[in-house]
Structures are given as structure tokens and as C-alpha cells.
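Q: My structure is below; once you've seen it, I'll send some questions.
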Amino acid sequence: MKVKQKRVRIESTPLGRGVFSAERIRGGQIIGEVTGTVSHDPDTVGSEYCIELGGDMTLDPAPPFRFLNHSCQPNCELFTWEDEEEAKPGVPPRMLLQTLTTIRAGEELTIDYAWPADMAIPCGCQSSHCRGWIVDANELEKVPGRVRHV
Ligand SMILES: [Zn+2]
């Protein structure tokens, strides 16, 4: 499958660099393929940006998608794509980024990092559904020292 990448820009945000769309993109559209360095050794995780690909494989993503920020109410998601004809043992699946909602030109692209509870850090995404932590929604109860909001 050939992927035609949408136009995106890297800009600075209060949380570091982020990826912004340069055009309006409808929901459910593929923005591009996340490329980078695949590692088969979970002990040599290259950077905080690493994405698990399943099995023992992690992907250390290259720009621009290296700089995707987390939101508890994201407008994009990552998914893996395995082409039946390309699939071979030990060959990593391809990682694609798609929109969940319509994105305006100039809007920041965000994904839900969905980290496990032991990796959780406080979240500053400012969405109205912010969980307070960058963590998988199902792991929120397990975050150590979490202050419950009532
Ligand atoms: Zn948040």
C-alpha cells in the first residue's frame, strides 16, 4: 500500500515541539506513515518517543511524527498495517497515523499515548476530558499517588 503523506509542520508548543496540520483533513483519513528505527531488543529503547509494535519490537519514530503530543481527547490515532503480501516473520508492521475527527488547517495533531500506570506522568493537555495523567484510560486507577478528583 502506498501512503501519500498530508502536509504537516513541526512547531513549538508550551509542551515542546508538536505536529500541526497544514491543511484541513476529514476524519478517518490517513495522514502518513510513521517511519523510524525498529529495535528488537526491549532493553535498548532508543528514546522516550518509542512506540511498541508488538512482539519484542519497538519503533523509535523519525520526524515529523516523532513530535506527536499526547492528548486525553486526541484527534488522531496510530494503527499498525500488515500487508498480507509484505508480511514476513520478523518484519515489523507498518505504523500509520489517521484522523479521528475533522482537523482544521493549523490545528495540532495529537494521539493518546495510553501508557501503562508505572510510566504515567502528569498531563497538561488541557482538554475538557483530561485524565490528569498521561496514562491508558484503563490504567488510571493504578497510577501511584494519584489524587482522586471528586
Ligand atoms: Zn490530558
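Simple scheme: letters A, B, ... for chains in C-alpha cells order, numbers from 1 for residues in each chain, numbers from 1 for ligands in the order shown.
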Could I get the residue neighbourhood of ligand 1 at 10 Å, counting only C-alpha atoms and all ligand atoms, as a ChimeraX atom specification?
A: /A:70-74,112,122-135
Q: Mind checking DSSP for stretch 66-146 of chain A and telling me the helix (DSSP H, G or I) residues as a ChimeraX atom specification?
A: /A:66-67,117-119,137-142
Q: Only N, CA and C atoms, please: the residues just picked out, written as a tab-separated table (two decimals), in the first residue's frame.
A:
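Okay, result31.tsv is ready:
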```tsv
chain	number	residue	atom	x	y	z
A	66	ARG	N	7.66	11.97	15.09
A	66	ARG	CA	8.33	11.85	16.38
A	66	ARG	C	7.75	12.83	17.40
A	67	PHE	N	7.26	13.95	16.91
A	67	PHE	CA	6.88	15.03	17.81
A	67	PHE	C	5.37	15.11	18.07
A	117	ALA	N	0.37	2.34	33.80
A	117	ALA	CA	0.35	3.17	35.01
A	117	ALA	C	1.74	3.47	35.55
A	118	ASP	N	2.69	2.52	35.42
A	118	ASP	CA	4.02	2.75	36.00
A	118	ASP	C	4.84	3.74	35.19
A	119	MET	N	4.36	4.16	34.03
A	119	MET	CA	5.05	5.19	33.24
A	119	MET	C	4.34	6.54	33.30
A	137	ALA	N	-6.46	4.96	29.72
A	137	ALA	CA	-7.69	5.20	30.48
A	137	ALA	C	-8.00	4.03	31.42
A	138	ASN	N	-7.67	2.81	31.00
A	138	ASN	CA	-7.96	1.64	31.82
A	138	ASN	C	-6.96	1.43	32.95
A	139	GLU	N	-5.86	2.20	32.92
A	139	GLU	CA	-4.81	2.04	33.94
A	139	GLU	C	-4.85	3.19	34.96
A	140	LEU	N	-5.75	4.14	34.75
A	140	LEU	CA	-5.75	5.35	35.56
A	140	LEU	C	-5.86	5.05	37.05
A	141	GLU	N	-6.68	4.08	37.42
A	141	GLU	CA	-6.88	3.74	38.83
A	141	GLU	C	-5.59	3.24	39.48
A	142	LYS	N	-4.64	2.76	38.67
A	142	LYS	CA	-3.43	2.15	39.22
A	142	LYS	C	-2.27	3.14	39.35
```
Q: Using only C-alpha atoms, pick whichever of A:Glu77, A:Glu107, A:Glu23, A:Asp56 has the shortest atom-to-atom distance to A:Ser39.
A: A:Asp56
Q: Fewer than 2 positions away in the same chain doesn't count, so skip those; otherwise give me all residues within 12 Å of A:Glu52, counting only C-alpha atoms, as a VMD selection string.
A: chain A and resid 37 to 42 45 to 50 54 to 61 78 to 80 92 to 95 113 to 116
Q: Can I get the selection written as a compact mmCIF listing (two decimals), in the first residue's frame, with N, CA, C and O atoms?
A:
```
# COMPACT_ATOMS: atom_id res chain seq x y z
N THR A 37 13.42 3.96 13.37
CA THR A 37 14.32 2.85 13.62
C THR A 37 13.62 1.79 14.45
O THR A 37 13.13 2.07 15.53
N VAL A 38 13.58 0.56 13.95
CA VAL A 38 12.94 -0.54 14.68
C VAL A 38 14.01 -1.27 15.48
O VAL A 38 15.08 -1.59 14.97
N SER A 39 13.71 -1.50 16.76
CA SER A 39 14.61 -2.27 17.61
C SER A 39 13.92 -3.57 18.02
O SER A 39 12.71 -3.59 18.27
N HIS A 40 14.69 -4.65 18.09
CA HIS A 40 14.16 -5.93 18.53
C HIS A 40 14.54 -6.24 19.96
O HIS A 40 14.25 -7.29 20.47
N ASP A 41 15.26 -5.31 20.59
CA ASP A 41 15.71 -5.54 21.96
C ASP A 41 15.03 -4.54 22.89
O ASP A 41 15.34 -3.36 22.86
N PRO A 42 14.08 -5.01 23.70
CA PRO A 42 13.33 -4.08 24.54
C PRO A 42 14.20 -3.36 25.57
O PRO A 42 13.79 -2.36 26.13
N VAL A 45 15.71 0.54 24.47
CA VAL A 45 14.72 1.51 23.99
C VAL A 45 15.46 2.82 23.69
O VAL A 45 16.14 3.37 24.54
N GLY A 46 15.34 3.27 22.45
CA GLY A 46 16.15 4.38 21.97
C GLY A 46 15.81 5.71 22.59
O GLY A 46 16.68 6.51 22.88
N SER A 47 14.54 5.99 22.84
CA SER A 47 14.17 7.30 23.34
C SER A 47 12.79 7.24 23.95
O SER A 47 12.08 6.23 23.84
N GLU A 48 12.41 8.34 24.59
CA GLU A 48 11.08 8.43 25.20
C GLU A 48 9.98 8.41 24.14
O GLU A 48 8.80 8.31 24.46
N TYR A 49 10.35 8.53 22.89
CA TYR A 49 9.35 8.57 21.83
C TYR A 49 8.96 7.18 21.33
O TYR A 49 8.12 7.04 20.46
N CYS A 50 9.62 6.14 21.86
CA CYS A 50 9.42 4.80 21.29
C CYS A 50 7.98 4.32 21.37
O CYS A 50 7.28 4.55 22.33
N GLY A 54 4.44 -4.49 19.05
CA GLY A 54 4.00 -5.87 19.27
C GLY A 54 5.21 -6.79 19.22
O GLY A 54 6.26 -6.44 18.66
N GLY A 55 5.08 -7.97 19.80
CA GLY A 55 6.23 -8.85 19.91
C GLY A 55 7.29 -8.15 20.75
O GLY A 55 6.98 -7.51 21.74
N ASP A 56 8.55 -8.23 20.35
CA ASP A 56 9.60 -7.55 21.10
C ASP A 56 10.04 -6.29 20.37
O ASP A 56 11.10 -5.74 20.66
N MET A 57 9.24 -5.82 19.41
CA MET A 57 9.70 -4.73 18.55
C MET A 57 9.21 -3.36 19.04
O MET A 57 8.05 -3.21 19.42
N THR A 58 10.12 -2.40 19.01
CA THR A 58 9.73 -1.01 19.27
C THR A 58 10.21 -0.16 18.10
O THR A 58 11.19 -0.47 17.43
N LEU A 59 9.49 0.93 17.87
CA LEU A 59 9.82 1.87 16.80
C LEU A 59 10.21 3.19 17.43
O LEU A 59 9.46 3.76 18.22
N ASP A 60 11.42 3.66 17.11
CA ASP A 60 11.86 4.99 17.53
C ASP A 60 11.56 5.91 16.35
O ASP A 60 12.26 5.90 15.36
N PRO A 61 10.47 6.67 16.42
CA PRO A 61 9.97 7.35 15.23
C PRO A 61 10.84 8.52 14.78
O PRO A 61 11.43 9.21 15.60
N LEU A 78 -2.79 6.12 16.04
CA LEU A 78 -1.86 5.27 15.30
C LEU A 78 -2.49 3.90 15.11
O LEU A 78 -3.22 3.42 15.97
N PHE A 79 -2.23 3.28 13.99
CA PHE A 79 -2.60 1.88 13.85
C PHE A 79 -1.55 1.16 13.02
O PHE A 79 -0.81 1.78 12.26
N THR A 80 -1.45 -0.15 13.26
CA THR A 80 -0.45 -0.90 12.50
C THR A 80 -1.12 -1.53 11.29
O THR A 80 -2.30 -1.89 11.31
N PRO A 92 8.66 -5.89 10.79
CA PRO A 92 7.70 -5.13 11.60
C PRO A 92 6.52 -4.66 10.76
O PRO A 92 6.65 -4.40 9.57
N PRO A 93 5.35 -4.56 11.41
CA PRO A 93 4.21 -3.98 10.71
C PRO A 93 4.47 -2.51 10.44
O PRO A 93 5.31 -1.89 11.09
N ARG A 94 3.77 -1.95 9.47
CA ARG A 94 3.88 -0.51 9.22
C ARG A 94 2.97 0.24 10.19
O ARG A 94 1.92 -0.26 10.58
N MET A 95 3.42 1.42 10.60
CA MET A 95 2.66 2.22 11.56
C MET A 95 2.11 3.43 10.82
O MET A 95 2.86 4.21 10.24
N TYR A 113 -1.31 8.60 24.19
CA TYR A 113 -0.15 7.71 24.38
C TYR A 113 -0.54 6.41 25.06
O TYR A 113 0.14 5.40 24.88
N ALA A 114 -1.60 6.44 25.89
CA ALA A 114 -2.12 5.23 26.55
C ALA A 114 -1.00 4.44 27.23
O ALA A 114 -0.88 3.23 27.07
N TRP A 115 -0.19 5.16 28.02
CA TRP A 115 0.92 4.50 28.71
C TRP A 115 0.42 3.64 29.86
O TRP A 115 -0.61 3.94 30.46
N PRO A 116 1.19 2.60 30.25
CA PRO A 116 0.84 1.86 31.46
C PRO A 116 1.04 2.74 32.70
O PRO A 116 1.78 3.73 32.67
```
Q: Please, what distance in Å, to one decimal, runs between atom CA of A:Ile111 and atom CA of A:Ile30?
A: 13.6 Å
Q: Among chain A, which residues does DSSP mark as strand (DSSP E) when it is run on the backbone? Keep the chain and numbering as in the structure and answer as a PDB file with N, CA, C and O atoms, in the first residue's frame.
A:
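Everything below was put into out13.pdb:
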```
ATOM      1  N   VAL A   8       2.222  18.493   6.836  1.00  0.00           N
ATOM      2  CA  VAL A   8       2.276  18.820   8.267  1.00  0.00           C
ATOM      3  C   VAL A   8       3.508  19.681   8.526  1.00  0.00           C
ATOM      4  O   VAL A   8       4.438  19.724   7.722  1.00  0.00           O
ATOM      5  N   ARG A   9       3.483  20.392   9.648  1.00  0.00           N
ATOM      6  CA  ARG A   9       4.612  21.219  10.069  1.00  0.00           C
ATOM      7  C   ARG A   9       4.948  20.888  11.517  1.00  0.00           C
ATOM      8  O   ARG A   9       4.052  20.536  12.280  1.00  0.00           O
ATOM      9  N   ILE A  10       6.217  21.052  11.872  1.00  0.00           N
ATOM     10  CA  ILE A  10       6.620  20.954  13.277  1.00  0.00           C
ATOM     11  C   ILE A  10       6.702  22.372  13.826  1.00  0.00           C
ATOM     12  O   ILE A  10       7.344  23.234  13.216  1.00  0.00           O
ATOM     13  N   GLU A  11       5.997  22.615  14.930  1.00  0.00           N
ATOM     14  CA  GLU A  11       6.033  23.937  15.564  1.00  0.00           C
ATOM     15  C   GLU A  11       6.271  23.746  17.049  1.00  0.00           C
ATOM     16  O   GLU A  11       6.031  22.673  17.587  1.00  0.00           O
ATOM     17  N   SER A  12       6.700  24.842  17.703  1.00  0.00           N
ATOM     18  CA  SER A  12       6.896  24.707  19.138  1.00  0.00           C
ATOM     19  C   SER A  12       5.582  24.984  19.856  1.00  0.00           C
ATOM     20  O   SER A  12       4.758  25.767  19.403  1.00  0.00           O
ATOM     21  N   THR A  13       5.403  24.285  20.985  1.00  0.00           N
ATOM     22  CA  THR A  13       4.206  24.416  21.819  1.00  0.00           C
ATOM     23  C   THR A  13       4.693  24.604  23.251  1.00  0.00           C
ATOM     24  O   THR A  13       5.883  24.405  23.529  1.00  0.00           O
ATOM     25  N   GLY A  16       6.762  21.619  24.373  1.00  0.00           N
ATOM     26  CA  GLY A  16       7.810  21.128  23.476  1.00  0.00           C
ATOM     27  C   GLY A  16       7.294  21.174  22.048  1.00  0.00           C
ATOM     28  O   GLY A  16       6.279  21.796  21.763  1.00  0.00           O
ATOM     29  N   ARG A  17       8.006  20.492  21.165  1.00  0.00           N
ATOM     30  CA  ARG A  17       7.582  20.551  19.774  1.00  0.00           C
ATOM     31  C   ARG A  17       6.318  19.737  19.539  1.00  0.00           C
ATOM     32  O   ARG A  17       6.038  18.786  20.261  1.00  0.00           O
ATOM     33  N   GLY A  18       5.545  20.135  18.542  1.00  0.00           N
ATOM     34  CA  GLY A  18       4.326  19.414  18.188  1.00  0.00           C
ATOM     35  C   GLY A  18       4.179  19.368  16.679  1.00  0.00           C
ATOM     36  O   GLY A  18       4.908  20.053  15.952  1.00  0.00           O
ATOM     37  N   VAL A  19       3.256  18.524  16.220  1.00  0.00           N
ATOM     38  CA  VAL A  19       2.996  18.369  14.793  1.00  0.00           C
ATOM     39  C   VAL A  19       1.658  19.029  14.477  1.00  0.00           C
ATOM     40  O   VAL A  19       0.653  18.744  15.140  1.00  0.00           O
ATOM     41  N   PHE A  20       1.670  19.900  13.477  1.00  0.00           N
ATOM     42  CA  PHE A  20       0.471  20.649  13.108  1.00  0.00           C
ATOM     43  C   PHE A  20       0.116  20.361  11.658  1.00  0.00           C
ATOM     44  O   PHE A  20       0.990  20.241  10.805  1.00  0.00           O
ATOM     45  N   SER A  21      -1.175  20.290  11.398  1.00  0.00           N
ATOM     46  CA  SER A  21      -1.620  20.057  10.036  1.00  0.00           C
ATOM     47  C   SER A  21      -1.566  21.359   9.249  1.00  0.00           C
ATOM     48  O   SER A  21      -1.945  22.407   9.751  1.00  0.00           O
ATOM     49  N   ILE A  30      -5.973   8.844   6.332  1.00  0.00           N
ATOM     50  CA  ILE A  30      -4.583   8.563   6.706  1.00  0.00           C
ATOM     51  C   ILE A  30      -3.746   9.827   6.493  1.00  0.00           C
ATOM     52  O   ILE A  30      -3.789  10.440   5.426  1.00  0.00           O
ATOM     53  N   ILE A  31      -3.022  10.235   7.528  1.00  0.00           N
ATOM     54  CA  ILE A  31      -2.168  11.424   7.441  1.00  0.00           C
ATOM     55  C   ILE A  31      -0.803  11.050   6.897  1.00  0.00           C
ATOM     56  O   ILE A  31      -0.209  11.795   6.129  1.00  0.00           O
ATOM     57  N   GLY A  32      -0.286   9.904   7.303  1.00  0.00           N
ATOM     58  CA  GLY A  32       1.014   9.495   6.799  1.00  0.00           C
ATOM     59  C   GLY A  32       1.505   8.272   7.522  1.00  0.00           C
ATOM     60  O   GLY A  32       0.852   7.748   8.430  1.00  0.00           O
ATOM     61  N   GLU A  33       2.678   7.815   7.111  1.00  0.00           N
ATOM     62  CA  GLU A  33       3.288   6.640   7.715  1.00  0.00           C
ATOM     63  C   GLU A  33       4.355   7.091   8.700  1.00  0.00           C
ATOM     64  O   GLU A  33       5.158   7.977   8.407  1.00  0.00           O
ATOM     65  N   VAL A  34       4.357   6.465   9.877  1.00  0.00           N
ATOM     66  CA  VAL A  34       5.370   6.770  10.885  1.00  0.00           C
ATOM     67  C   VAL A  34       6.561   5.859  10.613  1.00  0.00           C
ATOM     68  O   VAL A  34       6.468   4.647  10.755  1.00  0.00           O
ATOM     69  N   GLY A  36      10.924   5.155  11.037  1.00  0.00           N
ATOM     70  CA  GLY A  36      11.936   5.331  12.077  1.00  0.00           C
ATOM     71  C   GLY A  36      12.758   4.075  12.214  1.00  0.00           C
ATOM     72  O   GLY A  36      12.786   3.233  11.317  1.00  0.00           O
ATOM     73  N   THR A  37      13.420   3.956  13.374  1.00  0.00           N
ATOM     74  CA  THR A  37      14.323   2.847  13.619  1.00  0.00           C
ATOM     75  C   THR A  37      13.621   1.786  14.446  1.00  0.00           C
ATOM     76  O   THR A  37      13.128   2.072  15.529  1.00  0.00           O
ATOM     77  N   VAL A  38      13.580   0.562  13.948  1.00  0.00           N
ATOM     78  CA  VAL A  38      12.945  -0.535  14.678  1.00  0.00           C
ATOM     79  C   VAL A  38      14.012  -1.269  15.479  1.00  0.00           C
ATOM     80  O   VAL A  38      15.077  -1.587  14.966  1.00  0.00           O
ATOM     81  N   SER A  39      13.710  -1.501  16.760  1.00  0.00           N
ATOM     82  CA  SER A  39      14.607  -2.272  17.610  1.00  0.00           C
ATOM     83  C   SER A  39      13.920  -3.565  18.016  1.00  0.00           C
ATOM     84  O   SER A  39      12.715  -3.588  18.269  1.00  0.00           O
ATOM     85  N   ILE A  51       7.579   3.624  20.329  1.00  0.00           N
ATOM     86  CA  ILE A  51       6.232   3.073  20.203  1.00  0.00           C
ATOM     87  C   ILE A  51       6.360   1.559  20.128  1.00  0.00           C
ATOM     88  O   ILE A  51       7.185   1.048  19.367  1.00  0.00           O
ATOM     89  N   GLU A  52       5.553   0.845  20.900  1.00  0.00           N
ATOM     90  CA  GLU A  52       5.579  -0.617  20.824  1.00  0.00           C
ATOM     91  C   GLU A  52       4.866  -1.094  19.567  1.00  0.00           C
ATOM     92  O   GLU A  52       3.789  -0.615  19.230  1.00  0.00           O
ATOM     93  N   LEU A  53       5.502  -2.038  18.893  1.00  0.00           N
ATOM     94  CA  LEU A  53       4.935  -2.568  17.648  1.00  0.00           C
ATOM     95  C   LEU A  53       4.367  -3.966  17.837  1.00  0.00           C
ATOM     96  O   LEU A  53       3.879  -4.571  16.901  1.00  0.00           O
ATOM     97  N   GLY A  54       4.435  -4.486  19.052  1.00  0.00           N
ATOM     98  CA  GLY A  54       4.005  -5.866  19.269  1.00  0.00           C
ATOM     99  C   GLY A  54       5.213  -6.785  19.222  1.00  0.00           C
ATOM    100  O   GLY A  54       6.256  -6.440  18.660  1.00  0.00           O
ATOM    101  N   MET A  57       9.239  -5.820  19.415  1.00  0.00           N
ATOM    102  CA  MET A  57       9.702  -4.733  18.555  1.00  0.00           C
ATOM    103  C   MET A  57       9.205  -3.363  19.040  1.00  0.00           C
ATOM    104  O   MET A  57       8.050  -3.206  19.425  1.00  0.00           O
ATOM    105  N   THR A  58      10.118  -2.403  19.011  1.00  0.00           N
ATOM    106  CA  THR A  58       9.727  -1.013  19.266  1.00  0.00           C
ATOM    107  C   THR A  58      10.206  -0.160  18.099  1.00  0.00           C
ATOM    108  O   THR A  58      11.187  -0.472  17.427  1.00  0.00           O
ATOM    109  N   LEU A  59       9.494   0.931  17.875  1.00  0.00           N
ATOM    110  CA  LEU A  59       9.817   1.866  16.803  1.00  0.00           C
ATOM    111  C   LEU A  59      10.214   3.192  17.432  1.00  0.00           C
ATOM    112  O   LEU A  59       9.463   3.759  18.223  1.00  0.00           O
ATOM    113  N   ASP A  60      11.417   3.662  17.111  1.00  0.00           N
ATOM    114  CA  ASP A  60      11.865   4.988  17.535  1.00  0.00           C
ATOM    115  C   ASP A  60      11.555   5.913  16.354  1.00  0.00           C
ATOM    116  O   ASP A  60      12.262   5.903  15.356  1.00  0.00           O
ATOM    117  N   PRO A  61      10.465   6.665  16.422  1.00  0.00           N
ATOM    118  CA  PRO A  61       9.968   7.346  15.226  1.00  0.00           C
ATOM    119  C   PRO A  61      10.837   8.523  14.784  1.00  0.00           C
ATOM    120  O   PRO A  61      11.432   9.212  15.602  1.00  0.00           O
ATOM    121  N   ASN A  69       2.231  15.012  20.085  1.00  0.00           N
ATOM    122  CA  ASN A  69       1.977  15.133  21.515  1.00  0.00           C
ATOM    123  C   ASN A  69       0.751  14.332  21.922  1.00  0.00           C
ATOM    124  O   ASN A  69      -0.093  13.981  21.115  1.00  0.00           O
ATOM    125  N   HIS A  70       0.704  14.071  23.247  1.00  0.00           N
ATOM    126  CA  HIS A  70      -0.428  13.339  23.816  1.00  0.00           C
ATOM    127  C   HIS A  70      -1.598  14.283  24.079  1.00  0.00           C
ATOM    128  O   HIS A  70      -1.413  15.422  24.496  1.00  0.00           O
ATOM    129  N   CYS A  76      -6.224  12.201  16.532  1.00  0.00           N
ATOM    130  CA  CYS A  76      -5.616  11.219  15.638  1.00  0.00           C
ATOM    131  C   CYS A  76      -5.340   9.935  16.413  1.00  0.00           C
ATOM    132  O   CYS A  76      -5.328   9.937  17.643  1.00  0.00           O
ATOM    133  N   GLU A  77      -5.083   8.859  15.684  1.00  0.00           N
ATOM    134  CA  GLU A  77      -4.639   7.629  16.326  1.00  0.00           C
ATOM    135  C   GLU A  77      -3.655   6.911  15.411  1.00  0.00           C
ATOM    136  O   GLU A  77      -3.676   7.067  14.191  1.00  0.00           O
ATOM    137  N   LEU A  78      -2.789   6.116  16.044  1.00  0.00           N
ATOM    138  CA  LEU A  78      -1.862   5.270  15.302  1.00  0.00           C
ATOM    139  C   LEU A  78      -2.491   3.903  15.109  1.00  0.00           C
ATOM    140  O   LEU A  78      -3.223   3.423  15.970  1.00  0.00           O
ATOM    141  N   PHE A  79      -2.226   3.276  13.987  1.00  0.00           N
ATOM    142  CA  PHE A  79      -2.601   1.875  13.848  1.00  0.00           C
ATOM    143  C   PHE A  79      -1.546   1.163  13.024  1.00  0.00           C
ATOM    144  O   PHE A  79      -0.814   1.780  12.261  1.00  0.00           O
ATOM    145  N   THR A  80      -1.449  -0.146  13.257  1.00  0.00           N
ATOM    146  CA  THR A  80      -0.453  -0.902  12.502  1.00  0.00           C
ATOM    147  C   THR A  80      -1.121  -1.525  11.289  1.00  0.00           C
ATOM    148  O   THR A  80      -2.300  -1.891  11.314  1.00  0.00           O
ATOM    149  N   TRP A  81      -0.352  -1.608  10.243  1.00  0.00           N
ATOM    150  CA  TRP A  81      -0.844  -2.132   8.981  1.00  0.00           C
ATOM    151  C   TRP A  81       0.080  -3.241   8.542  1.00  0.00           C
ATOM    152  O   TRP A  81       1.287  -3.046   8.425  1.00  0.00           O
ATOM    153  N   ARG A  94       3.768  -1.945   9.474  1.00  0.00           N
ATOM    154  CA  ARG A  94       3.883  -0.506   9.222  1.00  0.00           C
ATOM    155  C   ARG A  94       2.965   0.238  10.186  1.00  0.00           C
ATOM    156  O   ARG A  94       1.916  -0.260  10.578  1.00  0.00           O
ATOM    157  N   MET A  95       3.421   1.421  10.600  1.00  0.00           N
ATOM    158  CA  MET A  95       2.664   2.222  11.558  1.00  0.00           C
ATOM    159  C   MET A  95       2.105   3.433  10.818  1.00  0.00           C
ATOM    160  O   MET A  95       2.861   4.209  10.244  1.00  0.00           O
ATOM    161  N   LEU A  96       0.792   3.557  10.825  1.00  0.00           N
ATOM    162  CA  LEU A  96       0.150   4.664  10.116  1.00  0.00           C
ATOM    163  C   LEU A  96      -0.579   5.560  11.113  1.00  0.00           C
ATOM    164  O   LEU A  96      -1.003   5.112  12.178  1.00  0.00           O
ATOM    165  N   LEU A  97      -0.708   6.820  10.728  1.00  0.00           N
ATOM    166  CA  LEU A  97      -1.420   7.797  11.555  1.00  0.00           C
ATOM    167  C   LEU A  97      -2.681   8.197  10.817  1.00  0.00           C
ATOM    168  O   LEU A  97      -2.626   8.556   9.637  1.00  0.00           O
ATOM    169  N   GLN A  98      -3.832   8.119  11.500  1.00  0.00           N
ATOM    170  CA  GLN A  98      -5.071   8.548  10.850  1.00  0.00           C
ATOM    171  C   GLN A  98      -5.845   9.508  11.746  1.00  0.00           C
ATOM    172  O   GLN A  98      -5.676   9.521  12.959  1.00  0.00           O
ATOM    173  N   THR A  99      -6.702  10.307  11.110  1.00  0.00           N
ATOM    174  CA  THR A  99      -7.510  11.272  11.851  1.00  0.00           C
ATOM    175  C   THR A  99      -8.726  10.582  12.438  1.00  0.00           C
ATOM    176  O   THR A  99      -9.314   9.684  11.848  1.00  0.00           O
ATOM    177  N   GLU A 108      -3.190  21.375  15.893  1.00  0.00           N
ATOM    178  CA  GLU A 108      -2.184  20.401  16.310  1.00  0.00           C
ATOM    179  C   GLU A 108      -2.749  18.984  16.231  1.00  0.00           C
ATOM    180  O   GLU A 108      -3.902  18.737  16.592  1.00  0.00           O
ATOM    181  N   LEU A 109      -1.923  18.053  15.765  1.00  0.00           N
ATOM    182  CA  LEU A 109      -2.285  16.640  15.724  1.00  0.00           C
ATOM    183  C   LEU A 109      -1.873  16.002  17.043  1.00  0.00           C
ATOM    184  O   LEU A 109      -0.743  16.171  17.497  1.00  0.00           O
ATOM    185  N   THR A 110      -2.793  15.257  17.664  1.00  0.00           N
ATOM    186  CA  THR A 110      -2.495  14.622  18.946  1.00  0.00           C
ATOM    187  C   THR A 110      -2.966  13.171  18.922  1.00  0.00           C
ATOM    188  O   THR A 110      -3.888  12.810  18.207  1.00  0.00           O
ATOM    189  N   ILE A 111      -2.288  12.365  19.740  1.00  0.00           N
ATOM    190  CA  ILE A 111      -2.683  10.965  19.924  1.00  0.00           C
ATOM    191  C   ILE A 111      -2.762  10.688  21.417  1.00  0.00           C
ATOM    192  O   ILE A 111      -2.237  11.452  22.233  1.00  0.00           O
ATOM    193  N   ILE A 121       2.876  10.147  33.737  1.00  0.00           N
ATOM    194  CA  ILE A 121       3.354  11.450  34.190  1.00  0.00           C
ATOM    195  C   ILE A 121       2.165  12.416  34.115  1.00  0.00           C
ATOM    196  O   ILE A 121       1.226  12.182  33.356  1.00  0.00           O
ATOM    197  N   PRO A 122       2.213  13.508  34.914  1.00  0.00           N
ATOM    198  CA  PRO A 122       1.086  14.440  34.875  1.00  0.00           C
ATOM    199  C   PRO A 122       0.856  14.974  33.462  1.00  0.00           C
ATOM    200  O   PRO A 122       1.800  15.208  32.709  1.00  0.00           O
ATOM    201  N   TRP A 133      -3.361  12.609  33.998  1.00  0.00           N
ATOM    202  CA  TRP A 133      -2.131  11.847  33.813  1.00  0.00           C
ATOM    203  C   TRP A 133      -2.068  11.364  32.371  1.00  0.00           C
ATOM    204  O   TRP A 133      -3.102  11.049  31.774  1.00  0.00           O
ATOM    205  N   ILE A 134      -0.853  11.264  31.864  1.00  0.00           N
ATOM    206  CA  ILE A 134      -0.665  10.604  30.576  1.00  0.00           C
ATOM    207  C   ILE A 134      -0.583   9.116  30.874  1.00  0.00           C
ATOM    208  O   ILE A 134       0.442   8.611  31.335  1.00  0.00           O
TER     209      ILE A 134
END
```
